[in-house]
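A.B. asks: Following this message is one structure expressed as structure tokens.
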Amino acid sequence: MRRTLSIAAALLAAATLTAAAPDGTLTPVSASVKAGDPVQLRYSTPAPDPKNWIGLYSDPGNGPVDQKYVGASLKWVYIPQGSGTASLDTDGLEPGNYVAYALAKDGYQWLAAPAKLKIVSNEALRFVTGTIPLRNARAESPYTATVRGLVRGQVTGFRKVSGPEWLDVAQDGTITGTPPAAASAKTVTATVEAVNDGGESATAQVSVDVRPPGAPLVPELKALSWNLWHGGSQVRGGREKQLKFLLDHDIDVVGVQESSGTSAKDLGEALGWDHYQAGPDVGFVSRYPITSRGPLPQQSGLPAANVKIKVDDRRGTEMALWNVHLGYTPYGPYDACFGKYPVERLMVREAESGRTRQIEGVIKAMEGDLAASERTPVLLMGDFNAPSHLDWTPEANKCGYDAVAWPTSVVPERAGLKDSFRVANPDPVAEPGITWSPIYTTFTGGYGHDSHKGEPEPKDRIDFIHYKGDLRVQSSAAVVEGNPAPIPGHRDNLWTSDHAAVLTVFGVE
């Protein structure tokens with residue numbers, strides 16, 4: 001929900017500048033930087049300004065390639081002088097390719113041609129977690145998976161140390177084989193070793209659930225909605241912690257928000273799963289094949305994307321998934337808890353935020369999938385940046401209100417979608433399911449309520465997984481890893497986000 005820079009202010013600043021070829025310079029002191037060391041960039045410009053700045057982005061990613069805002073930078077620093085050397089820390093950044101932009105006056109006009117650089121690993125060889133669950137297999141059918149993206153540090157090869165005869169591990173980490181009928185309804189395990197030329201080695205145990213030939217391939221699906229908080233870059237070792245969380249919780253499909261333009265792709269490639277990076281914000285990662293991808297948000301005009309996944313190729317079982325990230329300001333709980341606005345004014349403010357129009361547009365776009373939900377179940381997940389009417393009840397008496405019909409939850413319910421968390425946990429007093437925020441404990445101001453700065457942050461459930469179709473909710477929870485320390489002491493948290501994620505386990509009929 002938080003933003004480090006005002007997007008509207010940045011766009012306004014950019015609009016006041018005339019387009020021209022950049023006449024400054026931007027050069028990395030070193031084109032290759034070890035993770036943990038700072039990135040240093042020499043710059044010069046004939047037009048110094050206190051609000052000139054350098055932003056660092058993944059390459060490719062969501063940098064301002066057309067001198068327009070696309071997505072938030074991973075790191076940034078002001079460069080007020082006409083020339084000098086700027087330094088950006090690499091805490092939370094993954095090894096990989098990056099590009100830096102020198103930009104004018106809190107906007108996105110280039111001051112110089114972009115500068116490319118690489119962050120390289122300085123880590124010891126290791127798997128991100130010691131136990132790696134792989135996608136389900138079917139007895140007597142060919143099987144393939146991979147572990148090659150799940151090793152940190154430099155690796156030159158993989159081999160099988162132990163495991164069933166039918167399972168092979170290739171030099172590149174690909175796992176293949178055809179499980180025999182005797183493996184049906186069993187979980188088989190194998191030990192895989194990674195090695196490098198420096199003499200280092202690391203092992204992990206992989207597991208595969210083998211389904212009988214005539215049984216459903218995926219009888220249980222674990223779905224996660226996860227706001228990544230600038231891709232997880234705000235916490236040290238964010239990508240490794242994200243991968244470990246997904247594997248340790250045996251997640252099947254993820255709808256991500258705040259992906260910084262690359263996280264869905266990066267997570268999918270590391271896991272060896274299908275993925276859809278739908279622009280700079282939302283995306284999907286799926287253990288099972290993505291069979292279709294909806295229009296990009298900039299094409300549809302909605303802050304949403306959609307895919308279909310095939311959870312059983314033999315039976316043709318598919319699911320339709322939608323993922324949204326609705327507008328974040330004005331924020332309803334601040335208006336209610338700080339402003340004490342009447343319900344009628346809260347509804348006006350919800351409309352002003354754009355969320356009411358956005359959710360109505362998303363449900364309209366979902367009409368075809370919703371109509372076919374008896375055959376193809378539908379999930380609608382995401383960061384809605386608004387509470388649920390199922391939580392603001394007379395019994396809960398949130399901030400003194402008897403009831404508030406927040407449109408972002410009422411509109412999906414009217415379309416036949418059910419809130420999976422409230423199906424599993426019907427009492428909002430006993431199970432509030434707070435997702436905002438595990439690390440923001442004190443209100444930091446803004447949103448028209450500066451007089452309440454320093455007061456306790458209103459806690460609420462603003463992330464959801466709604467569903468329609470032949471699914472059974474087995475459980476649903478707001479989840480974090482460890483005990484997240486509040487901001488600003490969050491850098492070493494095991495949890496990489498400022499939201500809790502929503503994890504719902506569905507029985508698939």
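Residues in the structure tokens are numbered from 1 in each chain, the chains being A, B, ... in the order shown, and ligands are numbered from 1 in the order shown.
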Name all residues at most 10 Å from A:Leu26 (count only C-alpha atoms; drop same-chain ones fewer than 4 positions away) and give them as a list in words.
C.D. replies: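 Everything that qualifies: Leu41, Arg42, Tyr43, Ser44, Thr45, Ile54, Ser83, Gly84, Thr85, Ala86, Ala100, Tyr101, Ala102, Leu111, Ala112, Ala113, Pro114, Ala115 and Lys116 of chain A.
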A.B. asks: Taking the chain letters and numbering used in this document, name the residues of stretch 223-301 of chain A that DSSP puts in strand (DSSP E), as a PyMOL selection string.
C.D. replies: chain A and resi 223-227+253-257+274-278+282-286+290-293
A.B. asks: Write to file, as a PDB file, in the first residue's frame, the residues of the selection just made, with N, CA and C atoms.
C.D. replies:
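See out.pdb below for the written result:
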ATOM      1  N   ALA A 223      -3.366 -22.107  -2.841  1.00  0.00           N
ATOM      2  CA  ALA A 223      -3.315 -20.824  -3.550  1.00  0.00           C
ATOM      3  C   ALA A 223      -2.880 -19.732  -2.590  1.00  0.00           C
ATOM      4  N   LEU A 224      -2.039 -18.816  -3.096  1.00  0.00           N
ATOM      5  CA  LEU A 224      -1.489 -17.739  -2.269  1.00  0.00           C
ATOM      6  C   LEU A 224      -1.663 -16.412  -2.992  1.00  0.00           C
ATOM      7  N   SER A 225      -2.155 -15.407  -2.258  1.00  0.00           N
ATOM      8  CA  SER A 225      -2.149 -14.029  -2.748  1.00  0.00           C
ATOM      9  C   SER A 225      -1.113 -13.278  -1.932  1.00  0.00           C
ATOM     10  N   TRP A 226      -0.151 -12.615  -2.650  1.00  0.00           N
ATOM     11  CA  TRP A 226       1.034 -12.106  -1.959  1.00  0.00           C
ATOM     12  C   TRP A 226       1.470 -10.772  -2.547  1.00  0.00           C
ATOM     13  N   ASN A 227       1.329  -9.700  -1.767  1.00  0.00           N
ATOM     14  CA  ASN A 227       1.932  -8.427  -2.125  1.00  0.00           C
ATOM     15  C   ASN A 227       3.411  -8.513  -1.742  1.00  0.00           C
ATOM     16  N   VAL A 253       0.060 -22.263  -6.561  1.00  0.00           N
ATOM     17  CA  VAL A 253      -0.158 -21.130  -7.459  1.00  0.00           C
ATOM     18  C   VAL A 253      -0.143 -19.846  -6.642  1.00  0.00           C
ATOM     19  N   VAL A 254       0.476 -18.793  -7.208  1.00  0.00           N
ATOM     20  CA  VAL A 254       0.637 -17.527  -6.509  1.00  0.00           C
ATOM     21  C   VAL A 254       0.173 -16.397  -7.409  1.00  0.00           C
ATOM     22  N   GLY A 255      -0.649 -15.510  -6.863  1.00  0.00           N
ATOM     23  CA  GLY A 255      -0.913 -14.225  -7.494  1.00  0.00           C
ATOM     24  C   GLY A 255      -0.104 -13.178  -6.763  1.00  0.00           C
ATOM     25  N   VAL A 256       0.821 -12.513  -7.460  1.00  0.00           N
ATOM     26  CA  VAL A 256       1.695 -11.533  -6.811  1.00  0.00           C
ATOM     27  C   VAL A 256       1.289 -10.125  -7.214  1.00  0.00           C
ATOM     28  N   GLN A 257       1.477  -9.196  -6.276  1.00  0.00           N
ATOM     29  CA  GLN A 257       1.329  -7.771  -6.534  1.00  0.00           C
ATOM     30  C   GLN A 257       2.641  -7.092  -6.128  1.00  0.00           C
ATOM     31  N   ASP A 274       5.586 -22.434 -14.465  1.00  0.00           N
ATOM     32  CA  ASP A 274       5.051 -21.480 -15.430  1.00  0.00           C
ATOM     33  C   ASP A 274       4.811 -20.137 -14.746  1.00  0.00           C
ATOM     34  N   HIS A 275       4.843 -19.054 -15.535  1.00  0.00           N
ATOM     35  CA  HIS A 275       4.666 -17.729 -14.945  1.00  0.00           C
ATOM     36  C   HIS A 275       4.103 -16.772 -15.984  1.00  0.00           C
ATOM     37  N   TYR A 276       3.521 -15.696 -15.498  1.00  0.00           N
ATOM     38  CA  TYR A 276       3.013 -14.613 -16.340  1.00  0.00           C
ATOM     39  C   TYR A 276       3.305 -13.308 -15.643  1.00  0.00           C
ATOM     40  N   GLN A 277       4.252 -12.555 -16.177  1.00  0.00           N
ATOM     41  CA  GLN A 277       4.581 -11.235 -15.655  1.00  0.00           C
ATOM     42  C   GLN A 277       3.733 -10.224 -16.411  1.00  0.00           C
ATOM     43  N   ALA A 278       2.626  -9.813 -15.808  1.00  0.00           N
ATOM     44  CA  ALA A 278       1.648  -8.980 -16.503  1.00  0.00           C
ATOM     45  C   ALA A 278       1.945  -7.503 -16.252  1.00  0.00           C
ATOM     46  N   VAL A 282       1.242  -6.728 -11.296  1.00  0.00           N
ATOM     47  CA  VAL A 282       0.680  -8.037 -10.961  1.00  0.00           C
ATOM     48  C   VAL A 282       1.257  -9.130 -11.844  1.00  0.00           C
ATOM     49  N   GLY A 283       1.191 -10.347 -11.343  1.00  0.00           N
ATOM     50  CA  GLY A 283       1.666 -11.500 -12.096  1.00  0.00           C
ATOM     51  C   GLY A 283       1.248 -12.794 -11.430  1.00  0.00           C
ATOM     52  N   PHE A 284       1.554 -13.913 -12.093  1.00  0.00           N
ATOM     53  CA  PHE A 284       1.210 -15.243 -11.596  1.00  0.00           C
ATOM     54  C   PHE A 284       2.429 -16.145 -11.677  1.00  0.00           C
ATOM     55  N   VAL A 285       2.495 -17.083 -10.725  1.00  0.00           N
ATOM     56  CA  VAL A 285       3.462 -18.167 -10.753  1.00  0.00           C
ATOM     57  C   VAL A 285       2.689 -19.442 -10.447  1.00  0.00           C
ATOM     58  N   SER A 286       2.838 -20.466 -11.309  1.00  0.00           N
ATOM     59  CA  SER A 286       2.028 -21.670 -11.165  1.00  0.00           C
ATOM     60  C   SER A 286       2.874 -22.924 -11.336  1.00  0.00           C
ATOM     61  N   ILE A 290       0.297 -22.995 -17.259  1.00  0.00           N
ATOM     62  CA  ILE A 290      -0.579 -21.889 -17.629  1.00  0.00           C
ATOM     63  C   ILE A 290      -0.961 -22.093 -19.093  1.00  0.00           C
ATOM     64  N   THR A 291      -2.255 -22.213 -19.352  1.00  0.00           N
ATOM     65  CA  THR A 291      -2.726 -22.522 -20.700  1.00  0.00           C
ATOM     66  C   THR A 291      -3.194 -21.298 -21.468  1.00  0.00           C
ATOM     67  N   SER A 292      -3.490 -20.198 -20.769  1.00  0.00           N
ATOM     68  CA  SER A 292      -3.853 -18.953 -21.461  1.00  0.00           C
ATOM     69  C   SER A 292      -3.542 -17.790 -20.545  1.00  0.00           C
ATOM     70  N   ARG A 293      -3.270 -16.643 -21.177  1.00  0.00           N
ATOM     71  CA  ARG A 293      -2.913 -15.426 -20.448  1.00  0.00           C
ATOM     72  C   ARG A 293      -3.796 -14.287 -20.937  1.00  0.00           C
TER      73      ARG A 293
END
A.B. asks: For A:Leu217, please output as JSON, numbers by chain all residues within 7 Å (counting only C-alpha atoms; exclusion window: fewer than 4 positions along the same chain).
C.D. replies: {"A": [136, 138, 211, 311, 312]}
A.B. asks: At a cut-off of 10 Å, using only C-alpha atoms, what residues contact stretch 153-169 of chain A? Leave out same-chain residues fewer than 4 positions from it and give the result as a ChimeraX atom specification.
C.D. replies: /A:95,120-127,143-148,173-180,183,188-198,200-207
A.B. asks: Would you save the residues from that selection as a tab-separated table (two decimals), in the first residue's frame, using N, CA and C atoms?
C.D. replies:
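Saved file result_8.tsv follows:
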chain	number	residue	atom	x	y	z
A	95	PRO	N	21.35	-11.26	-7.25
A	95	PRO	CA	22.31	-11.27	-8.36
A	95	PRO	C	21.57	-11.26	-9.69
A	120	VAL	N	26.68	-9.65	-8.82
A	120	VAL	CA	27.07	-11.06	-8.85
A	120	VAL	C	27.04	-11.62	-7.43
A	121	SER	N	26.85	-12.91	-7.33
A	121	SER	CA	26.74	-13.57	-6.03
A	121	SER	C	28.11	-13.69	-5.36
A	122	ASN	N	28.11	-13.51	-4.07
A	122	ASN	CA	29.31	-13.78	-3.27
A	122	ASN	C	29.01	-14.81	-2.19
A	123	GLU	N	27.98	-15.63	-2.44
A	123	GLU	CA	27.47	-16.55	-1.43
A	123	GLU	C	28.09	-17.93	-1.54
A	124	ALA	N	28.11	-18.64	-0.42
A	124	ALA	CA	28.51	-20.04	-0.42
A	124	ALA	C	27.43	-20.87	-1.10
A	125	LEU	N	27.84	-21.97	-1.71
A	125	LEU	CA	26.91	-22.84	-2.42
A	125	LEU	C	25.92	-23.47	-1.43
A	126	ARG	N	24.61	-23.33	-1.72
A	126	ARG	CA	23.59	-23.94	-0.87
A	126	ARG	C	22.26	-23.94	-1.60
A	127	PHE	N	21.39	-24.86	-1.24
A	127	PHE	CA	20.00	-24.85	-1.69
A	127	PHE	C	19.23	-23.86	-0.81
A	143	TYR	N	7.53	-37.84	-16.48
A	143	TYR	CA	7.55	-36.77	-15.49
A	143	TYR	C	8.80	-35.93	-15.66
A	144	THR	N	8.66	-34.60	-15.42
A	144	THR	CA	9.83	-33.73	-15.44
A	144	THR	C	9.63	-32.58	-14.46
A	145	ALA	N	10.74	-32.16	-13.84
A	145	ALA	CA	10.78	-31.01	-12.95
A	145	ALA	C	12.22	-30.53	-12.93
A	146	THR	N	12.53	-29.52	-12.12
A	146	THR	CA	13.90	-29.02	-12.06
A	146	THR	C	14.19	-28.42	-10.70
A	147	VAL	N	15.48	-28.44	-10.33
A	147	VAL	CA	15.93	-27.77	-9.11
A	147	VAL	C	17.05	-26.77	-9.42
A	148	ARG	N	17.33	-26.55	-10.69
A	148	ARG	CA	18.53	-25.77	-11.03
A	148	ARG	C	18.45	-24.31	-10.58
A	173	GLY	N	20.37	-30.12	-13.48
A	173	GLY	CA	19.36	-30.05	-12.43
A	173	GLY	C	17.98	-30.49	-12.85
A	174	THR	N	17.81	-30.93	-14.11
A	174	THR	CA	16.51	-31.42	-14.56
A	174	THR	C	16.25	-32.81	-13.98
A	175	ILE	N	15.04	-33.02	-13.47
A	175	ILE	CA	14.63	-34.29	-12.89
A	175	ILE	C	13.60	-34.92	-13.80
A	176	THR	N	13.85	-36.16	-14.23
A	176	THR	CA	12.96	-36.84	-15.17
A	176	THR	C	12.76	-38.29	-14.74
A	177	GLY	N	11.77	-38.92	-15.37
A	177	GLY	CA	11.53	-40.34	-15.15
A	177	GLY	C	10.07	-40.67	-15.31
A	178	THR	N	9.76	-41.97	-15.28
A	178	THR	CA	8.39	-42.46	-15.35
A	178	THR	C	8.14	-43.34	-14.13
A	179	PRO	N	7.39	-42.87	-13.16
A	179	PRO	CA	7.16	-43.67	-11.96
A	179	PRO	C	6.35	-44.93	-12.29
A	180	PRO	N	6.74	-46.06	-11.74
A	180	PRO	CA	6.00	-47.30	-12.02
A	180	PRO	C	4.70	-47.36	-11.24
A	183	ALA	N	4.62	-47.28	-7.47
A	183	ALA	CA	4.82	-46.03	-6.74
A	183	ALA	C	3.53	-45.27	-6.51
A	188	VAL	N	7.57	-40.22	-2.97
A	188	VAL	CA	8.93	-40.72	-3.13
A	188	VAL	C	9.91	-39.58	-2.88
A	189	THR	N	11.07	-39.91	-2.37
A	189	THR	CA	12.08	-38.89	-2.06
A	189	THR	C	13.41	-39.28	-2.70
A	190	ALA	N	14.22	-38.26	-2.95
A	190	ALA	CA	15.57	-38.47	-3.48
A	190	ALA	C	16.46	-37.37	-2.94
A	191	THR	N	17.74	-37.65	-2.82
A	191	THR	CA	18.72	-36.66	-2.40
A	191	THR	C	19.50	-36.18	-3.62
A	192	VAL	N	19.53	-34.87	-3.81
A	192	VAL	CA	20.21	-34.25	-4.95
A	192	VAL	C	21.38	-33.43	-4.43
A	193	GLU	N	22.51	-33.52	-5.12
A	193	GLU	CA	23.70	-32.76	-4.74
A	193	GLU	C	24.05	-31.76	-5.83
A	194	ALA	N	24.39	-30.53	-5.40
A	194	ALA	CA	24.92	-29.50	-6.30
A	194	ALA	C	26.40	-29.32	-5.98
A	195	VAL	N	27.22	-29.11	-7.02
A	195	VAL	CA	28.66	-28.94	-6.84
A	195	VAL	C	29.15	-27.77	-7.69
A	196	ASN	N	30.34	-27.26	-7.38
A	196	ASN	CA	30.97	-26.24	-8.22
A	196	ASN	C	32.46	-26.50	-8.34
A	197	ASP	N	33.11	-25.73	-9.18
A	197	ASP	CA	34.54	-25.93	-9.45
A	197	ASP	C	35.42	-25.56	-8.26
A	198	GLY	N	34.86	-24.86	-7.27
A	198	GLY	CA	35.64	-24.50	-6.09
A	198	GLY	C	35.68	-25.59	-5.04
A	200	GLU	N	33.02	-26.85	-3.55
A	200	GLU	CA	31.87	-26.77	-2.66
A	200	GLU	C	30.79	-27.74	-3.12
A	201	SER	N	29.97	-28.20	-2.18
A	201	SER	CA	28.82	-29.04	-2.50
A	201	SER	C	27.71	-28.76	-1.53
A	202	ALA	N	26.49	-29.04	-1.94
A	202	ALA	CA	25.31	-28.86	-1.09
A	202	ALA	C	24.28	-29.89	-1.50
A	203	THR	N	23.48	-30.36	-0.56
A	203	THR	CA	22.46	-31.36	-0.85
A	203	THR	C	21.10	-30.89	-0.38
A	204	ALA	N	20.07	-31.44	-1.02
A	204	ALA	CA	18.69	-31.21	-0.62
A	204	ALA	C	17.90	-32.47	-0.93
A	205	GLN	N	16.83	-32.67	-0.18
A	205	GLN	CA	15.94	-33.79	-0.43
A	205	GLN	C	14.73	-33.31	-1.22
A	206	VAL	N	14.47	-33.94	-2.37
A	206	VAL	CA	13.29	-33.60	-3.16
A	206	VAL	C	12.23	-34.67	-2.93
A	207	SER	N	10.98	-34.27	-3.02
A	207	SER	CA	9.87	-35.22	-2.84
A	207	SER	C	8.87	-35.04	-3.96
A.B. asks: Might you pull out every residue within 10 Å of A:Val343, with only C-alpha atoms counted and same-chain residues fewer than 6 positions away left off, and present them as a list in words?
C.D. replies: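 Listed by chain and then number, they are Asp335, Ala336, Arg349, Tyr401, Ala403, Val404, Ala405 and Trp406 of chain A.
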A.B. asks: Could you write out the selected residues, including C-alpha atoms, as a compact mmCIF listing (two decimals), in the first residue's frame?
C.D. replies:
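Once written, again-v1.txt looks like this:
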# COMPACT_ATOMS: atom_id res chain seq x y z
CA ASP A 335 -11.13 7.76 6.91
CA ALA A 336 -13.19 5.65 9.29
CA ARG A 349 -14.29 8.43 -0.77
CA TYR A 401 -19.15 1.40 13.23
CA ALA A 403 -21.56 -2.03 9.59
CA VAL A 404 -19.87 -0.72 6.45
CA ALA A 405 -20.69 -2.19 3.03
CA TRP A 406 -17.23 -1.76 1.48
A.B. asks: With a distance cut-off of 7 Å and only C-alpha atoms, select the neighbouring residues of A:Val39, excluding the residue or stretch itself and same-chain residues fewer than 5 positions from it, and output the selection as a PyMOL selection string.
C.D. replies: chain A and resi 33+87-90
A.B. asks: Skip A:Asp402 itself and residues of its chain fewer than 3 positions away, then list as a list in words all residues within 12 Å of it, counting only C-alpha atoms.
C.D. replies: Ala336, Pro342, Val343, His389, Leu390, Asp391, Trp392, Thr393, Pro394, Glu395, Ala396, Asn397, Lys398, Cys399 and Ala405 of chain A
A.B. asks: With distances taken over only C-alpha atoms, which of A:Pro432, A:Gly354, A:Pro216, A:Gly238 is nearest to A:Thr317?
C.D. replies: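 Among A:Pro432, A:Gly354, A:Pro216, A:Gly238, it is A:Pro216 that comes nearest to A:Thr317.
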A.B. asks: Which of these residues is nearest to A:Cys337, using only C-alpha atoms: A:Lys118, A:Tyr108, A:Ser233, A:Glu455?
C.D. replies: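 Among A:Lys118, A:Tyr108, A:Ser233, A:Glu455, it is A:Glu455 that comes nearest to A:Cys337.
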A.B. asks: Nearest to A:Asp106: which of A:Arg152, A:Lys51, A:Arg135, A:Arg355 is it, counting only C-alpha atoms?
C.D. replies: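 Nearest to A:Asp106: A:Lys51.
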A.B. asks: Going by DSSP on the backbone, which residues of stretch 211-274 of chain A come out as helix (DSSP H, G or I)? List them as a ChimeraX atom specification.
C.D. replies: /A:230-232,238-248,263-271
